[in-house]
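Enquirer: Shown below is the structure under consideration.
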Amino acid sequence: MKVIENAKQAKTTWDEKIDEKTKEKFRKYFHLRPATEYITIVSTHKRKYMNGLKVSKCNLEQGIVKCAEALCDAEKLKEVNIKLRNGNTRTFLTTKRPNKEYTIQAKFINEIIRQNIELKKLFDVVNLHLIGSEIILPGKKDKIDILAYGSTNENRYKLFFIEVKEANGNKKEEAFKQVKKYMKTYIENKDFITLINNYPMLEENIDITKFEPESWVVKGNTNETKISYKGNHYIEVPQEV
């Protein structure tokens with residue numbers, strides 16, 4: 001399966017060709033999303049929420065380096081052009097998702113990356129790590145908004161399937177139906193297991209067959225001023241009107 005091959009190649013590039021200083025810069029605002037024909041560099045910077053730059057395997061190293069150098073500088077985000085090795089110019093493209101929804105998604109991913117203390121308490125883990133966003137296998141209709149994992153004080157691992165909705169989106173009951181369906185679709189799928197175990201940018205080698213899966217819903221609320229846990233794996237977060 002090509003998406004698995006691309007994930008493995010992206011992992012090799014990240015692990016073996018990117019220096020630690022570049023990794024640190026890149027992680028602040030970017031993550032990688034392997035696809036069938038390319039690898040997407042996804043931005044969670046406030047000026048480019050959930051926008052992506054599609055690069056080939058051979059251009060990935062340069063794409064990562066260029067993003068770390070240019071896009072982490074807010075002043076350079078107004079006009080984003082990455083000149084790749086083949087001489088072509090690519091720009092970060094706006095996704096088709098509702099603006100408010102992918103803004104919530106990007107902000108929540110940023111809190112995961114920053115090891116938000118409150119989030120770790122809510123998920124009941126001592127460490128919290130992003131795996132990826134918009135994860136989907138070829139031929140499937142179910143797309144995971146955010147996939148993350150964490151370890152507990154008892155050295156157990158949890159795998160978090162997270163569905164993101166804006167304030168005026170589906171009711172939380174419908175959102176939970178969605179994310180539980182996604183979890184059921186993927187958790188025992190051999191290709192999915194292989195894909196995630198070989199995902200790029202992971203902090204450590206993982207085996208999700210040994211993880212405890214949980215489904216969560218994150219929903220925007222225009223009346224909230226901070227992350228608010230409502231119980232039963234349901235979180236509401238601030239959303240602009």
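Here's how to read the names in the structure tokens: chain A, B, ... by the order shown, residue numbers from 1 in each chain, ligand numbers from 1 in the order shown.
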For Lys21 in chain A, please output as a VMD selection string all residues within 12 Å (counting only C-alpha atoms; exclusion window: fewer than 3 positions along the same chain).

Expert: chain A and resid 17 to 18 24 to 28 64 to 65 68 to 69

Enquirer: Run DSSP on the backbone and grab whatever in range 49-229 of chain A lands in strand (DSSP E or B); send it over as number ranges by chain.

Expert: A: 51-55, 82-83, 89-90, 93, 127-135, 144-151, 157-165, 212-221, 228-229

Enquirer: Go through A:Ser228, A:Asn197, A:Ser56, A:Thr152 one by one, measure the shortest atom-to-atom distance of each to Lys120 in chain A using only C-alpha atoms, and give the residue with the smallest value.

Expert: A:Thr152

Enquirer: I'd like to know which of A:Asp207, A:Glu101, A:Glu37, A:Glu163 is closest to Ile235 in chain A, using only C-alpha atoms.

Expert: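 Under the stated criterion, the closest residue is A:Glu163.
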
Enquirer: When you look at Tyr49 in chain A with a cut-off of 9 Å (counting only C-alpha atoms), what residues show up, excluding the ones that are within fewer than 5 positions of it in the same chain? I need them as JSON, numbers by chain.

Expert: {"A": [42, 43, 44, 94, 95, 99, 102, 103, 105, 106, 107]}

Enquirer: Give me, please, the distance in Å between CA of Gly231 in chain A and CA of Glu214 in chain A, quoted to one decimal.

Expert: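 Separation between CA of Gly231 in chain A and CA of Glu214 in chain A: 13.6 Å.
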
Enquirer: Please report, as CSV, each residue of range 160-235 of chain A lying at most 12 Å from range 109-119 of chain A, together with the nearest pair of atoms and the separation in Å rounded to one decimal; use only C-alpha atoms, and order rows by chain and ascending residue number.

Expert:
residue,atom,partner,partner_atom,distance
A:Phe160,CA,A:Ile112,CA,11.4
A:Ile162,CA,A:Ile109,CA,10.4
A:Glu163,CA,A:Ile109,CA,11.9
A:Val164,CA,A:Ile109,CA,10.7
A:Met201,CA,A:Ile113,CA,11.5
A:Leu202,CA,A:Ile113,CA,11.4
A:Glu203,CA,A:Ile113,CA,11.1
A:Val218,CA,A:Ile109,CA,11.1
A:Lys226,CA,A:Glu118,CA,10.2
A:Ile227,CA,A:Glu118,CA,8.0
A:Ser228,CA,A:Glu118,CA,9.4
A:Tyr229,CA,A:Leu119,CA,9.3
A:His233,CA,A:Leu119,CA,11.4
A:Tyr234,CA,A:Leu119,CA,11.9
A:Ile235,CA,A:Leu119,CA,9.7

Enquirer: Taking the chain letters and numbering used in this document, name the residues of range 138-224 of chain A that DSSP puts in alpha helix (DSSP H), as a list in words.

Expert: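 Residues meeting the alpha helix (DSSP H) criterion: Lys172, Glu173, Glu174, Ala175, Phe176, Lys177, Gln178, Val179, Lys180, Lys181, Tyr182, Met183, Lys184, Thr185, Tyr186, Lys190, Asp191, Phe192, Ile193, Thr194, Leu195, Ile196 and Asn197 of chain A.
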
Enquirer: From the list A:Leu53, A:Val179, A:Leu195, A:Ile146, which residue is nearest Glu134 in chain A when using only C-alpha atoms?

Expert: A:Ile146

Enquirer: Between A:Leu60, A:Ala175, A:Cys67, A:Ile135, which has the minimum distance to Trp216 in chain A (counting only C-alpha atoms)?

Expert: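 Under the stated criterion, the closest residue is A:Ala175.
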
Enquirer: Excluding Lys140 in chain A and any residue of its chain fewer than 4 positions from it, enumerate the residues within 10 Å of it, using only C-alpha atoms, and give them as a ChimeraX atom specification.

Expert: /A:136,182,185-186

Enquirer: Would you export the selected residues with N, CA and C atoms as a compact mmCIF listing (two decimals), in the first residue's frame, please?

Expert:
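Result written to out30.txt:
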# COMPACT_ATOMS: atom_id res chain seq x y z
N ILE A 136 -6.54 8.77 7.03
CA ILE A 136 -7.49 7.93 6.33
C ILE A 136 -6.74 6.91 5.48
N TYR A 182 -15.28 5.45 13.51
CA TYR A 182 -13.91 5.51 13.01
C TYR A 182 -13.01 4.55 13.78
N THR A 185 -13.69 1.06 12.81
CA THR A 185 -13.23 0.80 11.45
C THR A 185 -11.74 0.49 11.42
N TYR A 186 -10.97 1.21 12.23
CA TYR A 186 -9.52 1.15 12.10
C TYR A 186 -8.76 0.33 13.14

Enquirer: For Arg156 in chain A, which of A:Phe211, A:Tyr38, A:Phe192, A:Tyr29 is the closest residue, counting only C-alpha atoms?

Expert: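 With only C-alpha atoms as the atom set, the closest residue is A:Phe211.
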
Enquirer: Just give me the gap between CA of Asn127 in chain A and CA of Tyr199 in chain A in Å, one decimal is fine.

Expert: 18.1 Å

Enquirer: Please provide as number ranges by chain all residues within 10 Å of Ala7 in chain A, with the sequence filter that same-chain residues fewer than 4 positions apart are discarded (counting only C-alpha atoms).

Expert: A: 2-3, 11-13, 32-36, 38-39, 57, 194-200

Enquirer: Restrict the selected residues to N, CA, C and O atoms and save them as a CSV table (one decimal), in the first residue's frame.

Expert:
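As a result, again39.csv now contains:
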chain,number,residue,atom,x,y,z
A,2,LYS,N,0.7,2.1,-1.0
A,2,LYS,CA,1.5,3.3,-1.2
A,2,LYS,C,1.6,4.2,0.0
A,2,LYS,O,2.6,4.8,0.3
A,3,VAL,N,0.5,4.4,0.7
A,3,VAL,CA,0.5,5.3,1.8
A,3,VAL,C,1.4,4.8,2.9
A,3,VAL,O,2.1,5.6,3.6
A,11,LYS,N,9.3,8.7,7.5
A,11,LYS,CA,9.9,8.4,8.8
A,11,LYS,C,11.4,8.3,8.7
A,11,LYS,O,12.1,8.9,9.6
A,12,THR,N,11.9,7.7,7.7
A,12,THR,CA,13.3,7.5,7.5
A,12,THR,C,14.0,8.9,7.3
A,12,THR,O,15.0,9.2,7.8
A,13,THR,N,13.3,9.7,6.4
A,13,THR,CA,13.8,11.1,6.2
A,13,THR,C,13.9,11.9,7.5
A,13,THR,O,14.9,12.5,7.8
A,32,LEU,N,3.6,16.0,9.7
A,32,LEU,CA,3.6,15.4,8.4
A,32,LEU,C,2.3,14.5,8.2
A,32,LEU,O,1.9,13.9,9.2
A,33,ARG,N,1.8,14.4,7.0
A,33,ARG,CA,0.7,13.5,6.7
A,33,ARG,C,0.9,12.7,5.4
A,33,ARG,O,0.7,13.2,4.3
A,34,PRO,N,1.3,11.5,5.6
A,34,PRO,CA,1.6,10.6,4.4
A,34,PRO,C,0.3,10.4,3.7
A,34,PRO,O,-0.8,10.2,4.3
A,35,ALA,N,0.3,10.4,2.3
A,35,ALA,CA,-0.8,10.1,1.5
A,35,ALA,C,-0.4,9.1,0.4
A,35,ALA,O,0.8,8.7,0.4
A,36,THR,N,-1.3,8.8,-0.5
A,36,THR,CA,-0.9,7.8,-1.5
A,36,THR,C,0.1,8.3,-2.5
A,36,THR,O,1.0,7.5,-2.9
A,38,TYR,N,1.8,11.4,-2.3
A,38,TYR,CA,2.7,12.4,-1.8
A,38,TYR,C,2.7,12.5,-0.3
A,38,TYR,O,2.0,11.6,0.3
A,39,ILE,N,3.4,13.4,0.3
A,39,ILE,CA,3.4,13.6,1.7
A,39,ILE,C,3.0,15.1,1.9
A,39,ILE,O,3.6,16.0,1.2
A,57,LYS,N,8.4,12.4,-2.1
A,57,LYS,CA,9.3,11.8,-1.1
A,57,LYS,C,10.7,12.4,-1.3
A,57,LYS,O,11.4,12.6,-0.3
A,194,THR,N,-0.1,-1.0,10.7
A,194,THR,CA,1.2,-0.9,10.1
A,194,THR,C,1.5,0.6,9.8
A,194,THR,O,2.6,1.1,10.0
A,195,LEU,N,0.5,1.3,9.3
A,195,LEU,CA,0.7,2.7,9.0
A,195,LEU,C,1.0,3.5,10.2
A,195,LEU,O,2.0,4.3,10.2
A,196,ILE,N,0.3,3.4,11.3
A,196,ILE,CA,0.5,4.2,12.5
A,196,ILE,C,1.8,3.8,13.2
A,196,ILE,O,2.5,4.7,13.7
A,197,ASN,N,2.1,2.5,13.2
A,197,ASN,CA,3.4,2.1,13.8
A,197,ASN,C,4.6,2.6,13.0
A,197,ASN,O,5.7,2.6,13.5
A,198,ASN,N,4.4,3.1,11.7
A,198,ASN,CA,5.5,3.6,10.9
A,198,ASN,C,5.3,5.1,10.6
A,198,ASN,O,5.9,5.6,9.7
A,199,TYR,N,4.4,5.8,11.4
A,199,TYR,CA,4.1,7.2,11.1
A,199,TYR,C,5.4,8.0,11.4
A,199,TYR,O,6.1,7.8,12.4
A,200,PRO,N,5.6,9.1,10.6
A,200,PRO,CA,6.8,9.9,10.8
A,200,PRO,C,6.6,10.9,12.0
A,200,PRO,O,5.4,11.2,12.4

Enquirer: Do you have the CA of Val237 in chain A-CA of Glu224 in chain A distance handy?

Expert: 6.3 Å

Enquirer: Can you pull out every residue within 8 Å of Ala167 in chain A, counting only C-alpha atoms, but drop anything in the same chain fewer than 4 positions away, and send it as an mmCIF file with N, CA and C atoms, in the first residue's frame?

Expert:
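Writing done, so here's result_4.cif:
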data_model
loop_
_atom_site.group_PDB
_atom_site.id
_atom_site.type_symbol
_atom_site.label_atom_id
_atom_site.label_comp_id
_atom_site.auth_asym_id
_atom_site.auth_seq_id
_atom_site.Cartn_x
_atom_site.Cartn_y
_atom_site.Cartn_z
ATOM 1 N N LYS A 219 -15.423 20.134 20.898
ATOM 2 C CA LYS A 219 -16.398 20.994 20.230
ATOM 3 C C LYS A 219 -16.189 22.451 20.624
ATOM 4 N N GLY A 220 -16.345 23.332 19.665
ATOM 5 C CA GLY A 220 -16.227 24.751 19.935
ATOM 6 C C GLY A 220 -17.413 25.279 20.713
ATOM 7 N N ASN A 221 -17.155 26.310 21.527
ATOM 8 C CA ASN A 221 -18.221 26.968 22.294
ATOM 9 C C ASN A 221 -17.864 28.441 22.368
ATOM 10 N N THR A 222 -18.723 29.283 21.821
ATOM 11 C CA THR A 222 -18.435 30.718 21.768
ATOM 12 C C THR A 222 -18.514 31.375 23.142
ATOM 13 N N GLN A 239 -14.250 29.307 21.050
ATOM 14 C CA GLN A 239 -14.395 29.543 19.603
ATOM 15 C C GLN A 239 -14.869 30.973 19.398
#

Enquirer: Which residue is closest to Gln178 in chain A? Choose from A:Glu5, A:Asp145, A:Glu236, A:Asp19 and count only C-alpha atoms.

Expert: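 With only C-alpha atoms as the atom set, the closest residue is A:Asp145.
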